[in-house]
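Peer 1: mmCIF, C-alpha atoms, saved as work-v3.cif, coming up:
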```cif
data_start
loop_
_atom_site.label_atom_id
_atom_site.label_comp_id
_atom_site.auth_asym_id
_atom_site.auth_seq_id
_atom_site.Cartn_x
_atom_site.Cartn_y
_atom_site.Cartn_z
CA MET A 1 22.57 -1.86 10.08
CA GLU A 2 18.80 -2.34 9.96
CA ASP A 3 18.25 1.00 11.74
CA CYS A 4 20.59 2.79 9.32
CA ILE A 5 18.67 1.48 6.32
CA GLU A 6 15.36 2.58 7.81
CA VAL A 7 16.73 6.07 8.52
CA ILE A 8 17.82 6.36 4.87
CA LEU A 9 14.39 5.22 3.69
CA GLU A 10 12.61 7.75 5.91
CA GLU A 11 14.88 10.54 4.63
CA HIS A 12 13.96 9.48 1.06
CA SER A 13 10.28 9.71 1.96
CA SER A 14 10.70 13.16 3.53
CA ARG A 15 12.48 14.48 0.45
CA TRP A 16 9.70 13.14 -1.80
CA PHE A 17 7.02 14.84 0.29
CA SER A 18 8.95 18.13 0.35
CA HIS A 19 8.84 18.07 -3.44
CA GLN A 20 5.08 17.45 -3.21
CA ARG A 21 4.70 20.72 -1.30
CA SER A 22 6.96 22.75 -3.61
CA GLY A 23 4.38 23.07 -6.37
CA ARG A 24 2.26 21.17 -8.84
CA ASN A 25 4.63 21.59 -11.79
CA VAL A 26 7.64 20.34 -9.84
CA THR A 27 5.61 17.41 -8.53
CA LEU A 28 4.50 16.40 -12.00
CA LEU A 29 8.05 16.70 -13.33
CA ILE A 30 9.55 14.58 -10.56
CA GLY A 31 6.73 12.04 -10.73
CA SER A 32 7.05 11.68 -14.49
CA ALA A 33 10.81 11.25 -14.31
CA PHE A 34 10.54 8.70 -11.51
CA ALA A 35 7.82 6.76 -13.29
CA GLY A 36 9.91 6.65 -16.47
CA VAL A 37 13.01 5.36 -14.70
CA TYR A 38 10.95 2.93 -12.64
CA GLY A 39 9.18 1.67 -15.74
CA LEU A 40 12.44 0.99 -17.59
CA TRP A 41 13.95 -0.64 -14.51
CA SER A 42 10.95 -2.92 -14.05
CA MET A 43 10.97 -4.05 -17.69
CA PHE A 44 14.58 -5.23 -17.46
CA CYS A 45 14.78 -6.32 -13.82
CA MET A 46 11.31 -7.85 -13.43
CA PRO A 47 10.35 -9.17 -16.89
CA GLY A 48 8.04 -11.80 -15.42
CA LEU A 49 5.94 -9.25 -13.56
CA ARG A 50 4.39 -6.98 -16.16
CA VAL A 51 2.51 -4.42 -14.09
CA PRO A 52 0.46 -1.95 -16.18
CA PHE A 53 2.49 1.26 -16.43
CA ARG A 54 -0.15 3.54 -14.94
CA LEU A 55 -0.39 1.30 -11.86
CA LYS A 56 3.32 1.55 -11.05
CA VAL A 57 4.06 3.69 -7.99
CA PRO A 58 7.26 4.80 -6.21
CA PHE A 59 8.22 3.32 -2.84
CA LEU A 60 7.16 5.71 -0.08
CA PRO A 61 8.09 4.35 3.39
CA SER A 62 5.83 5.17 6.33
CA THR A 63 7.20 7.35 9.11
CA LYS A 64 7.16 6.05 12.69
CA GLU A 65 4.31 8.42 13.58
CA GLN A 66 2.30 7.30 10.58
CA THR A 67 2.85 3.64 11.45
CA LEU A 68 1.56 4.29 14.98
CA ASN A 69 -1.51 5.98 13.51
CA VAL A 70 -2.19 2.90 11.38
CA ILE A 71 -1.97 0.71 14.48
CA LYS A 72 -4.48 2.94 16.29
CA LEU A 73 -7.07 2.42 13.56
CA LEU A 74 -6.53 -1.36 13.62
CA GLU A 75 -7.18 -1.69 17.36
CA GLY A 76 -9.86 -4.24 18.24
CA ARG A 77 -9.58 -6.06 14.93
CA LYS A 78 -8.04 -9.44 14.09
CA GLY A 79 -7.54 -11.95 11.29
CA CYS A 80 -5.66 -11.81 8.01
CA LEU A 81 -4.08 -8.55 6.88
CA ALA A 82 -2.69 -7.60 3.47
CA ASP A 83 -0.22 -4.75 2.97
CA LEU A 84 -0.40 -3.67 -0.67
CA GLY A 85 3.10 -2.69 -1.74
CA SER A 86 4.80 -3.63 1.53
CA GLY A 87 8.16 -2.02 0.74
CA ASP A 88 10.60 -2.61 3.58
CA GLY A 89 7.90 -4.32 5.64
CA ARG A 90 7.52 -1.84 8.48
CA LEU A 91 3.70 -1.81 8.43
CA VAL A 92 3.63 -5.59 8.23
CA PHE A 93 5.89 -6.00 11.26
CA ALA A 94 3.87 -3.48 13.24
CA ALA A 95 0.58 -5.25 12.43
CA SER A 96 2.07 -8.65 13.20
CA SER A 97 3.02 -7.42 16.67
CA MET A 98 -0.73 -6.91 17.26
CA GLY A 99 -1.53 -10.52 16.37
CA PHE A 100 -2.51 -10.19 12.70
CA GLN A 101 -1.55 -12.89 10.20
CA CYS A 102 0.12 -10.68 7.62
CA THR A 103 0.91 -10.92 3.92
CA GLY A 104 3.09 -8.27 2.33
CA PHE A 105 2.72 -7.90 -1.45
CA GLU A 106 5.87 -6.51 -3.08
CA ILE A 107 7.32 -6.87 -6.59
CA ASN A 108 10.57 -4.99 -5.97
CA SER A 109 13.13 -7.77 -5.44
CA ILE A 110 15.47 -5.63 -3.35
CA LEU A 111 12.77 -4.54 -0.91
CA LEU A 112 11.28 -8.04 -0.84
CA ASN A 113 14.60 -9.67 0.07
CA TYR A 114 15.24 -7.01 2.71
CA SER A 115 11.84 -7.68 4.32
CA ARG A 116 12.31 -11.44 4.23
CA SER A 117 15.80 -11.14 5.72
CA LYS A 118 14.44 -8.90 8.46
CA ALA A 119 11.73 -11.46 9.30
CA TRP A 120 14.31 -14.27 9.34
CA TRP A 121 16.65 -12.25 11.56
CA ARG A 122 13.84 -11.60 14.02
CA GLY A 123 12.77 -15.25 13.99
CA VAL A 124 9.22 -14.52 12.82
CA PRO A 125 7.47 -17.68 11.55
CA HIS A 126 5.86 -17.76 8.10
CA THR A 127 2.50 -18.36 9.73
CA ASP A 128 2.68 -14.83 11.16
CA ILE A 129 4.33 -12.95 8.28
CA ASN A 130 4.67 -13.89 4.63
CA PHE A 131 6.25 -11.58 2.07
CA VAL A 132 5.31 -12.56 -1.47
CA LYS A 133 6.60 -11.43 -4.85
CA GLN A 134 3.16 -11.05 -6.31
CA ASP A 135 1.21 -8.36 -8.14
CA PHE A 136 -1.71 -7.52 -5.87
CA TRP A 137 -3.58 -5.95 -8.80
CA LYS A 138 -3.93 -9.45 -10.26
CA THR A 139 -4.61 -11.19 -6.93
CA ASP A 140 -7.97 -12.03 -5.39
CA LEU A 141 -7.96 -10.28 -1.99
CA SER A 142 -11.28 -11.67 -0.77
CA LYS A 143 -9.77 -13.54 2.19
CA TYR A 144 -8.42 -10.39 3.86
CA ARG A 145 -10.49 -8.58 6.49
CA ASN A 146 -7.82 -5.93 6.96
CA VAL A 147 -5.85 -4.08 4.29
CA THR A 148 -3.17 -1.39 4.62
CA VAL A 149 -2.29 0.89 1.72
CA PHE A 150 0.36 3.53 1.06
CA LEU A 151 0.22 4.21 -2.65
CA ALA A 152 0.33 7.25 -4.92
CA PRO A 153 -2.83 9.34 -5.48
CA ALA A 154 -3.07 8.43 -9.18
CA VAL A 155 -4.01 4.79 -8.46
CA MET A 156 -6.39 5.26 -5.52
CA GLY A 157 -9.53 5.50 -7.65
CA VAL A 158 -8.70 2.26 -9.45
CA LEU A 159 -7.92 0.59 -6.13
CA GLU A 160 -11.34 1.62 -4.76
CA GLU A 161 -13.04 -0.36 -7.50
CA LYS A 162 -10.93 -3.48 -6.97
CA LEU A 163 -11.39 -3.54 -3.19
CA LEU A 164 -15.11 -2.78 -3.36
CA LYS A 165 -15.52 -5.75 -5.67
CA GLU A 166 -13.36 -8.25 -3.75
CA LEU A 167 -13.18 -7.54 0.00
CA PRO A 168 -15.61 -9.12 2.49
CA GLU A 169 -18.39 -7.02 3.99
CA ASP A 170 -16.66 -6.61 7.38
CA ALA A 171 -13.27 -5.61 5.93
CA ARG A 172 -11.45 -2.42 6.90
CA VAL A 173 -8.93 -0.57 4.74
CA ILE A 174 -6.33 1.75 6.29
CA VAL A 175 -4.93 4.33 3.86
CA CYS A 176 -1.83 6.44 4.45
CA SER A 177 -1.34 10.06 3.28
CA PHE A 178 -3.49 9.89 0.14
CA PRO A 179 -7.20 9.12 0.85
CA PHE A 180 -9.65 7.38 -1.43
CA PRO A 181 -11.37 9.89 -3.71
CA HIS A 182 -14.94 8.55 -3.27
CA TRP A 183 -15.27 6.29 -0.21
CA PRO A 184 -16.55 7.85 3.05
CA HIS A 185 -14.03 7.31 5.83
CA SER A 186 -15.09 5.93 9.21
CA CYS A 187 -12.35 7.61 11.23
CA THR A 188 -8.94 9.19 10.89
CA ALA A 189 -5.77 9.66 12.93
CA GLY A 190 -2.87 12.08 12.72
CA SER A 191 -2.49 15.17 10.60
CA GLY A 192 -0.53 16.48 7.66
CA LEU A 193 1.75 13.96 5.99
CA ASN A 194 1.24 11.46 8.82
CA GLN A 195 -2.55 11.34 8.51
CA VAL A 196 -4.22 8.00 7.91
CA TRP A 197 -7.86 7.12 7.15
CA ALA A 198 -9.93 4.04 8.00
CA TYR A 199 -12.58 2.86 5.54
CA ASP A 200 -15.16 0.15 6.27
CA VAL A 201 -16.25 -1.75 3.19
CA HIS A 202 -19.88 -2.14 4.27
CA THR A 203 -20.15 1.67 4.56
CA ALA A 204 -18.66 2.16 1.10
CA ARG A 205 -21.07 -0.38 -0.39
CA GLU A 206 -24.03 1.19 1.39
CA GLN A 207 -23.11 4.58 -0.06
CA ALA A 208 -22.89 3.02 -3.53
CA ARG A 209 -26.36 1.50 -3.10
CA THR A 210 -28.07 4.60 -1.71
CA SER A 211 -26.55 6.85 -4.35
CA ASN A 212 -27.72 4.48 -7.09
CA SER A 213 -24.11 4.22 -8.24
CA PRO A 214 -23.38 0.70 -9.49
CA ILE A 215 -20.36 -1.11 -8.14
CA THR A 216 -18.15 -1.17 -11.19
CA CYS A 217 -15.77 -3.96 -11.99
CA LEU A 218 -12.09 -3.17 -12.13
CA ASN A 219 -11.16 -2.25 -15.67
CA GLN A 220 -7.66 -3.67 -15.88
CA PRO A 221 -5.57 -1.78 -18.43
CA SER A 222 -3.43 -3.49 -21.00
CA ASP A 223 -0.09 -4.90 -19.89
CA HIS A 224 1.65 -3.05 -22.70
CA GLN A 225 4.15 -0.59 -21.26
#
```
Show the structure stored in the file as structure tokens.
Peer 2:
Amino acid sequence: MEDCIEVILEEHSSRWFSHQRSGRNVTLLIGSAFAGVYGLWSMFCMPGLRVPFRLKVPFLPSTKEQTLNVIKLLEGRKGCLADLGSGDGRLVFAASSMGFQCTGFEINSILLNYSRSKAWWRGVPHTDINFVKQDFWKTDLSKYRNVTVFLAPAVMGVLEEKLLKELPEDARVIVCSFPFPHWPHSCTAGSGLNQVWAYDVHTAREQARTSNSPITCLNQPSDHQ
């Protein structure tokens, strides 16, 4: 049953990306429609978690190849890892298998319960994996030395600011499919839709200093939908 669900999720991701390639107008139309439906759904189904509308993103599950690319760029690292928008938990489980102490941030109750059930079924202790119903935009991420991200392009610039402000100097951020618009990447793996990028925070801060660009604080938008 678990495999069937993951196949369905991967097919959903493939269809979304095929729309991305079909043209800018179609992409904007689909994205706007999805955001509208998602926004209405979140207001009624998650009234206690008021995420600013422009920071809402659709669930895009990682492919198996993309997950393997993420693991490659995490080799040799250890410590706490945060997956921002953990979805069905596949990146979290993969990172946990490498010895990371993982936290998956997810506000979608259906995906959160699926991930927790999967962890329970596999007998994974909470000390290794913890899925939390928590808005990572409003969470201090300073304790995490490793962060994985698979979010929509529209929020990546805002995320840069938050992570630059909060993460420790030796932190690494792994980004799937949609790279940061301003940070210099340290290395990359894969190609096309399965490409992932690794960013080291100390390199991003050094670039900000040498370019005389101040590290700006995250300008959180209003919670009004």
Peer 1: Of the candidates A:Ala82, A:Leu60, A:Ile110, A:Ala95, which shows the shortest atom-to-atom distance to Leu167 in chain A, using all atoms listed in the file?
Peer 2: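 That would be A:Ala82, the residue with the smallest distance to Leu167 in chain A.
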Peer 1: Which of these residues is nearest to Val124 in chain A, using all atoms listed in the file: A:Pro168, A:Ser96, A:Pro184, A:Arg90?
Peer 2: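 Using all atoms listed in the file, Val124 in chain A sits closest to A:Ser96.
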Peer 1: Around the point (-7.6, -4.2, 5.3) (coordinates from the file), which residues reach within 6 Å if we count all atoms listed in the file? Answer as a list in words.
Peer 2: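 Every polymer residue passing the test: Leu81, Arg145, Asn146, Val147, Thr148, Ala171, Arg172 and Val173 of chain A.
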Peer 1: Quick one: apply the PyMOL selection byres ((chain A and resi 113) around 12) to the file and drop the selected residues here as a PDB file with C-alpha atoms, keeping the file's coordinate frame.
Peer 2:
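Written output follows (selection-v1.pdb):
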```pdb
ATOM      1  CA  SER A  86       4.800  -3.630   1.530  1.00  0.00           C
ATOM      2  CA  GLY A  87       8.160  -2.020   0.740  1.00  0.00           C
ATOM      3  CA  ASP A  88      10.600  -2.610   3.580  1.00  0.00           C
ATOM      4  CA  GLY A  89       7.900  -4.320   5.640  1.00  0.00           C
ATOM      5  CA  GLY A 104       3.090  -8.270   2.330  1.00  0.00           C
ATOM      6  CA  GLU A 106       5.870  -6.510  -3.080  1.00  0.00           C
ATOM      7  CA  ILE A 107       7.320  -6.870  -6.590  1.00  0.00           C
ATOM      8  CA  ASN A 108      10.570  -4.990  -5.970  1.00  0.00           C
ATOM      9  CA  SER A 109      13.130  -7.770  -5.440  1.00  0.00           C
ATOM     10  CA  ILE A 110      15.470  -5.630  -3.350  1.00  0.00           C
ATOM     11  CA  LEU A 111      12.770  -4.540  -0.910  1.00  0.00           C
ATOM     12  CA  LEU A 112      11.280  -8.040  -0.840  1.00  0.00           C
ATOM     13  CA  TYR A 114      15.240  -7.010   2.710  1.00  0.00           C
ATOM     14  CA  SER A 115      11.840  -7.680   4.320  1.00  0.00           C
ATOM     15  CA  ARG A 116      12.310 -11.440   4.230  1.00  0.00           C
ATOM     16  CA  SER A 117      15.800 -11.140   5.720  1.00  0.00           C
ATOM     17  CA  LYS A 118      14.440  -8.900   8.460  1.00  0.00           C
ATOM     18  CA  ALA A 119      11.730 -11.460   9.300  1.00  0.00           C
ATOM     19  CA  TRP A 120      14.310 -14.270   9.340  1.00  0.00           C
ATOM     20  CA  TRP A 121      16.650 -12.250  11.560  1.00  0.00           C
ATOM     21  CA  ASN A 130       4.670 -13.890   4.630  1.00  0.00           C
ATOM     22  CA  PHE A 131       6.250 -11.580   2.070  1.00  0.00           C
ATOM     23  CA  VAL A 132       5.310 -12.560  -1.470  1.00  0.00           C
ATOM     24  CA  LYS A 133       6.600 -11.430  -4.850  1.00  0.00           C
TER      25      LYS A 133
END
```
Peer 1: With 3 Å on each side, where is the centre of the axis-aligned box around all listed atoms of range 148-161 of chain A, and how long are its edges in Å to one decimal, as lines of an AutoDock Vina configuration file?
Peer 2:
```
center_x = -6.3
center_y = 4.0
center_z = -2.4
size_x = 19.4
size_y = 16.7
size_z = 20.1
```
Peer 1: I'd like the contact shell of Leu151 in chain A - 9 Å cut-off, all atoms listed in the file, skipping same-chain residues fewer than 6 positions apart - returned as a PyMOL selection string.
Peer 2: chain A and resi 57-60+84-85+175-178
Peer 1: Assuming the chain letters and numbering stay as they are in my file, what does the PyMOL selection byres ((chain A and resi 100) around 6) actually select? List them as a VMD selection string.
Peer 2: chain A and resid 78 to 80 95 to 96 98 to 99 101 to 102
Peer 1: Put those residues in a file: C-alpha atoms, as a PDB file, in the coordinates of the input.
Peer 2:
```pdb
ATOM      1  CA  LYS A  78      -8.040  -9.440  14.090  1.00  0.00           C
ATOM      2  CA  GLY A  79      -7.540 -11.950  11.290  1.00  0.00           C
ATOM      3  CA  CYS A  80      -5.660 -11.810   8.010  1.00  0.00           C
ATOM      4  CA  ALA A  95       0.580  -5.250  12.430  1.00  0.00           C
ATOM      5  CA  SER A  96       2.070  -8.650  13.200  1.00  0.00           C
ATOM      6  CA  MET A  98      -0.730  -6.910  17.260  1.00  0.00           C
ATOM      7  CA  GLY A  99      -1.530 -10.520  16.370  1.00  0.00           C
ATOM      8  CA  GLN A 101      -1.550 -12.890  10.200  1.00  0.00           C
ATOM      9  CA  CYS A 102       0.120 -10.680   7.620  1.00  0.00           C
TER      10      CYS A 102
END
```
Peer 1: Step by step, work through what the PyMOL selection byres ((chain A and resi 164) around 9) selects in the shown file, and finish by giving those residues as a list of chain:residue names.
Peer 2: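 The output of the PyMOL selection byres ((chain A and resi 164) around 9) on this file is A:Leu159, A:Glu160, A:Glu161, A:Lys162, A:Leu163, A:Lys165, A:Glu166, A:Leu167, A:Pro168, A:Val201, A:Ala204, A:Arg205, A:Ile215, A:Thr216, A:Cys217.
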Peer 1: Would you compute the distance between CA of Ser211 in chain A and CA of Val155 in chain A? Give it in Å to one decimal.
Peer 2: 23.0 Å
Peer 1: Can you tell me how far CA of Thr203 in chain A sits from CA of Ile129 in chain A, in Å to one decimal?
Peer 2: 28.8 Å
Peer 1: Which residue, A:Thr103, A:Ser191, A:Gly157, A:Gln207, has the smallest gap to Phe136 in chain A when you use only C-alpha atoms?
Peer 2: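 Of A:Thr103, A:Ser191, A:Gly157, A:Gln207, the one nearest Phe136 in chain A is A:Thr103, counting only C-alpha atoms.
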Peer 1: My list of candidates is A:Gln134, A:Asp128, A:Pro179, A:Tyr199. Which is closest to Ala152 in chain A when distances are computed with all atoms listed in the file?
Peer 2: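 Counting all atoms listed in the file, the residue closest to Ala152 in chain A is A:Pro179.
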Peer 1: What is the distance, in Å and to one decimal place, between CA of Phe150 in chain A and CA of Thr210 in chain A?
Peer 2: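 Straight-line distance from CA of Phe150 in chain A to CA of Thr210 in chain A works out to 28.6 Å.
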Peer 1: Can you list, as a VMD selection string, every protein, DNA or RNA residue that comes within 9 Å of range 192-197 of chain A when you count all atoms listed in the file, leaving out same-chain residues fewer than 4 positions away?
Peer 2: chain A and resid 17 62 to 67 69 to 70 73 173 to 180 185 to 188
Peer 1: A:Gly190, A:Trp137, A:Thr127, A:Phe105: which is nearest Lys72 in chain A, counting all atoms listed in the file?
Peer 2: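 Looking only at the distances to Lys72 in chain A, the closest residue turns out to be A:Gly190.
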